[in-house]
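Scroll down for the structure; my scribbles are underneath it.
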Amino acid sequence: MRITLIALTFASSSIFALMGMVLAKDGAKDTLPPGSVSSAEGLQAWKRIEAVVTHPRCANCHVDAKAIPIWTPAGESKPRVHGMNIHGGESRIGAETIPCSTCHVTSTTPNDPAPAPLHAGIDWQLAPVEFIWFGKSGAEICAQLKDPERNGGRDAAGLLEHLRHDASLSGFIPRAWAPGAGRTTPPGTFEDHVKDMALWGAAGQPCPD
């Protein structure tokens with residue numbers, strides 16, 4: 001039985017790794033030739049991207065070094081500090097106090113209707129501190145997203161690969177559009193967001209003044 005479980009675990013890990021590689025290649029397919037999109041079109045794409053990344057479903061876990069998560073409870077429209085005095089800590093996963101996974105379990109199953117805690121296929125965590133979005137302007141987020149020193153070392157193509165890789169794990173990004181009944185979602189769809197990121201990248205990643 002133990003050998004069977006080990007074999008199943010290895011097989012599952014291999015399948016997920018293969019899915020990640022396949023979808024990373026899909027990210028490369030999403031990439032458009034540099035310069036094939038005008039700066040004006042790129043800025044239009046950025047406006048749509050901005051509407052997504054500043055939406056509470058995306059921005060609430062992109063907080064500063066204080067690591068205090070933000071939430072927008074079902075039925076409310078304004079973000080506020082996470083209830084129950086939750087703190088992400090330096091680990092960004094709550095390891096120092098109450099782990100985020102205490103409520104936000106790791107699961108690829110669909111999210112349940114509010115107020116059940118959200119979950120994803122990867123461990124629940126705050127975004128790296130360099131990726132601060134909450135409270136930032138669209139222009140500030142744009143500058144951060146295009147800066148390899150603050151975006152995980154990614155160029156425009158790398159950002160697309162990041163989107164596809166996260167989706168391959170049933171991660172946080174695509175689940176912004178599938179948070180469970182009773183919760184708001186960013187505008188458009190995940191695929192719309194990928195297309196806009198490709199347009200923005202091909203235009204040279206222009207940012208608003």
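Residues are named by chain letter and number: chains run A, B, ... in the order of the structure tokens, numbers start at 1 in each chain, and ligands are numbered from 1 in the order shown.
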Neighbours of Ala202 in chain A within 12 Å (only C-alpha atoms; same-chain residues fewer than 6 positions away dropped), as a VMD selection string? chain A and resid 30 to 43 45 to 46 155 to 157 160 195 to 196
8 Å contact set for range 141-145 of chain A, only C-alpha atoms, chain neighbours under 3 positions out, as a PyMOL selection string: chain A and resi 46+50+131-133+136-138+148+150-151+207-208
Create the file for the chosen residues now, containing N, CA, C and O atoms and written as an mmCIF file, in the first residue's frame.
```
data_model
loop_
_atom_site.group_PDB
_atom_site.id
_atom_site.type_symbol
_atom_site.label_atom_id
_atom_site.label_comp_id
_atom_site.auth_asym_id
_atom_site.auth_seq_id
_atom_site.Cartn_x
_atom_site.Cartn_y
_atom_site.Cartn_z
ATOM 1 N N TRP A 46 -3.811 48.607 -21.395
ATOM 2 C CA TRP A 46 -3.440 48.821 -20.003
ATOM 3 C C TRP A 46 -4.632 49.274 -19.173
ATOM 4 O O TRP A 46 -4.792 48.850 -18.014
ATOM 5 N N GLU A 50 -5.519 47.515 -15.832
ATOM 6 C CA GLU A 50 -5.601 48.269 -14.576
ATOM 7 C C GLU A 50 -6.910 47.987 -13.847
ATOM 8 O O GLU A 50 -6.942 47.852 -12.616
ATOM 9 N N PHE A 131 5.473 43.294 -4.896
ATOM 10 C CA PHE A 131 4.319 43.354 -5.792
ATOM 11 C C PHE A 131 3.161 44.132 -5.176
ATOM 12 O O PHE A 131 2.005 43.737 -5.274
ATOM 13 N N ILE A 132 3.450 45.224 -4.511
ATOM 14 C CA ILE A 132 2.394 45.982 -3.839
ATOM 15 C C ILE A 132 1.445 46.593 -4.875
ATOM 16 O O ILE A 132 1.874 47.328 -5.767
ATOM 17 N N TRP A 133 0.161 46.285 -4.749
ATOM 18 C CA TRP A 133 -0.867 46.881 -5.603
ATOM 19 C C TRP A 133 -1.899 47.657 -4.781
ATOM 20 O O TRP A 133 -2.390 48.681 -5.221
ATOM 21 N N LYS A 136 -2.194 51.559 -4.498
ATOM 22 C CA LYS A 136 -1.345 52.173 -5.513
ATOM 23 C C LYS A 136 -2.184 52.634 -6.705
ATOM 24 O O LYS A 136 -3.243 52.075 -7.002
ATOM 25 N N SER A 137 -1.678 53.648 -7.403
ATOM 26 C CA SER A 137 -2.353 54.131 -8.609
ATOM 27 C C SER A 137 -2.068 53.189 -9.777
ATOM 28 O O SER A 137 -1.134 52.375 -9.730
ATOM 29 N N GLY A 138 -2.862 53.330 -10.829
ATOM 30 C CA GLY A 138 -2.634 52.519 -12.018
ATOM 31 C C GLY A 138 -1.255 52.743 -12.601
ATOM 32 O O GLY A 138 -0.588 51.790 -13.034
ATOM 33 N N PRO A 148 11.587 44.385 -14.147
ATOM 34 C CA PRO A 148 12.038 43.039 -13.765
ATOM 35 C C PRO A 148 12.535 42.944 -12.328
ATOM 36 O O PRO A 148 12.477 41.873 -11.720
ATOM 37 N N ARG A 150 11.114 44.215 -9.874
ATOM 38 C CA ARG A 150 9.949 44.194 -8.975
ATOM 39 C C ARG A 150 8.837 43.276 -9.472
ATOM 40 O O ARG A 150 7.734 43.310 -8.937
ATOM 41 N N ASN A 151 9.107 42.466 -10.480
ATOM 42 C CA ASN A 151 8.063 41.580 -10.995
ATOM 43 C C ASN A 151 8.528 40.122 -11.100
ATOM 44 O O ASN A 151 7.946 39.329 -11.848
ATOM 45 N N CYS A 207 2.966 53.005 -20.152
ATOM 46 C CA CYS A 207 2.268 53.347 -18.909
ATOM 47 C C CYS A 207 1.654 54.734 -18.999
ATOM 48 O O CYS A 207 2.198 55.607 -19.684
ATOM 49 N N PRO A 208 0.545 54.951 -18.305
ATOM 50 C CA PRO A 208 -0.069 56.285 -18.301
ATOM 51 C C PRO A 208 0.818 57.282 -17.578
ATOM 52 O O PRO A 208 1.639 56.909 -16.722
#
```
Residue among A:Ile122, A:Ala116, A:Ile173, A:Ala95 lying closest to Glu191 in chain A, counting only C-alpha atoms: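 Counting only C-alpha atoms, the residue closest to Glu191 in chain A is A:Ile173.
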In range 40-193 of chain A, what's strand (DSSP E or B) per DSSP? Answer as a list of chain:residue names?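 So the strand (DSSP E or B) residues in range 40-193 of chain A would be A:Ile70, A:Trp71, A:Arg80, A:Val81, A:Thr106, A:Ala120.
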Enumerate the residues of chain A with a DSSP assignment of alpha helix (DSSP H), computed from the backbone, and present them as number ranges by chain. A: 2-30, 39-53, 56-59, 138-145, 156-168, 172-175, 190-202
Ranking A:Ile93, A:Ala120, A:Leu163, A:Ile68 by minimum distance to Ser107 in chain A and counting only C-alpha atoms, which one comes first?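 Once distances to Ser107 in chain A are computed over only C-alpha atoms, the minimum belongs to A:Ala120.
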Would you list the contacts of Met84 in chain A as a VMD selection string, taking every protein, DNA or RNA residue within 12 Å and counting only C-alpha atoms, but skipping same-chain residues closer than 2 positions in sequence? chain A and resid 68 to 71 81 to 82 86 to 87 97 to 98 100 103
What separation in Å, quoted to one decimal, exists between CA of Lys66 in chain A and CA of Ala167 in chain A?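 Distance reported for this atom pair: 27.9 Å.
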Can you work out which one of A:Gly152, A:Gly180, A:Gly171, A:Gly158 has the shortest atom-to-atom distance to Met197 in chain A, counting only C-alpha atoms? A:Gly158
Selected residue, from A:Gly188, A:Ser77, A:Pro115, A:Gln125, that lies nearest to Thr102 in chain A when counting only C-alpha atoms: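 Closest residue, counting only C-alpha atoms: A:Gln125.
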Within 12 Å of Gly75 in chain A, counting only C-alpha atoms, which residues show up once you throw out same-chain ones fewer than 3 positions away? Write them as a list of chain:residue names, please.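 Once the adjacent positions are removed, what remains is A:Trp71, A:Thr72, A:Lys78, A:Pro79, A:Ala114, A:Pro115, A:Ala181, A:Gly182, A:Arg183, A:Thr184.
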Would you mind exporting N, CA, C and O atoms of the selected residues as a PDB file, in the first residue's frame?
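To be explicit, this is the file written out as out39.pdb:
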```pdb
ATOM      1  N   TRP A  71      -9.601  42.505   2.960  1.00  0.00           N
ATOM      2  CA  TRP A  71     -10.680  41.723   2.385  1.00  0.00           C
ATOM      3  C   TRP A  71     -11.882  42.601   2.084  1.00  0.00           C
ATOM      4  O   TRP A  71     -12.008  43.716   2.595  1.00  0.00           O
ATOM      5  N   THR A  72     -12.747  42.120   1.236  1.00  0.00           N
ATOM      6  CA  THR A  72     -13.996  42.788   0.903  1.00  0.00           C
ATOM      7  C   THR A  72     -15.099  41.749   1.091  1.00  0.00           C
ATOM      8  O   THR A  72     -15.372  40.940   0.196  1.00  0.00           O
ATOM      9  N   LYS A  78     -16.411  48.084  -0.371  1.00  0.00           N
ATOM     10  CA  LYS A  78     -15.163  48.734   0.004  1.00  0.00           C
ATOM     11  C   LYS A  78     -14.248  47.758   0.751  1.00  0.00           C
ATOM     12  O   LYS A  78     -14.683  47.074   1.680  1.00  0.00           O
ATOM     13  N   PRO A  79     -12.976  47.705   0.344  1.00  0.00           N
ATOM     14  CA  PRO A  79     -12.019  46.838   1.054  1.00  0.00           C
ATOM     15  C   PRO A  79     -11.765  47.344   2.469  1.00  0.00           C
ATOM     16  O   PRO A  79     -11.846  48.538   2.753  1.00  0.00           O
ATOM     17  N   ALA A 114     -20.071  32.423  -1.006  1.00  0.00           N
ATOM     18  CA  ALA A 114     -19.763  33.208   0.191  1.00  0.00           C
ATOM     19  C   ALA A 114     -20.806  32.868   1.259  1.00  0.00           C
ATOM     20  O   ALA A 114     -21.950  32.579   0.933  1.00  0.00           O
ATOM     21  N   PRO A 115     -20.391  32.861   2.545  1.00  0.00           N
ATOM     22  CA  PRO A 115     -19.117  33.350   3.103  1.00  0.00           C
ATOM     23  C   PRO A 115     -18.055  32.268   3.303  1.00  0.00           C
ATOM     24  O   PRO A 115     -17.120  32.491   4.084  1.00  0.00           O
ATOM     25  N   ALA A 181     -20.170  31.934  -5.660  1.00  0.00           N
ATOM     26  CA  ALA A 181     -21.359  32.789  -5.737  1.00  0.00           C
ATOM     27  C   ALA A 181     -21.411  33.795  -4.600  1.00  0.00           C
ATOM     28  O   ALA A 181     -20.987  33.510  -3.477  1.00  0.00           O
ATOM     29  N   GLY A 182     -21.891  34.989  -4.907  1.00  0.00           N
ATOM     30  CA  GLY A 182     -22.035  36.028  -3.898  1.00  0.00           C
ATOM     31  C   GLY A 182     -20.859  36.973  -3.816  1.00  0.00           C
ATOM     32  O   GLY A 182     -20.878  37.921  -3.020  1.00  0.00           O
ATOM     33  N   ARG A 183     -19.813  36.748  -4.629  1.00  0.00           N
ATOM     34  CA  ARG A 183     -18.631  37.606  -4.614  1.00  0.00           C
ATOM     35  C   ARG A 183     -18.474  38.298  -5.970  1.00  0.00           C
ATOM     36  O   ARG A 183     -18.801  37.729  -7.003  1.00  0.00           O
ATOM     37  N   THR A 184     -17.934  39.507  -5.942  1.00  0.00           N
ATOM     38  CA  THR A 184     -17.706  40.250  -7.173  1.00  0.00           C
ATOM     39  C   THR A 184     -16.464  39.725  -7.883  1.00  0.00           C
ATOM     40  O   THR A 184     -15.585  39.111  -7.267  1.00  0.00           O
TER      41      THR A 184
END
```
As a check of understanding: the span from CA of Ser91 in chain A to CA of Glu149 in chain A is 19.8 Å
Which residues, written as a list in words, have at least one atom at most 10 Å from range 175-178 of chain A, with only C-alpha atoms counted and residues fewer than 5 positions away on the same chain left out?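 Everything that qualifies: Val52, His55, Pro56, Arg57, Cys58, Thr108, Pro110, Asn111, Asp112, Leu118, His119, Ala120, Gly121, Asp166, Ala167, Ser170, Arg183, Thr184, Thr185, Pro186, Pro187, Gly188, Thr189 and Phe190 of chain A.
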CA of Glu140 in chain A and CA of Val53 in chain A are how many Å apart?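 That distance, rounded to one decimal, is 11.6 Å.
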Nearest residue to Val194 in chain A out of A:His104, A:Arg92, A:Lys146, A:His162, using only C-alpha atoms?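 Closest to Val194 in chain A of all the choices is A:His162.
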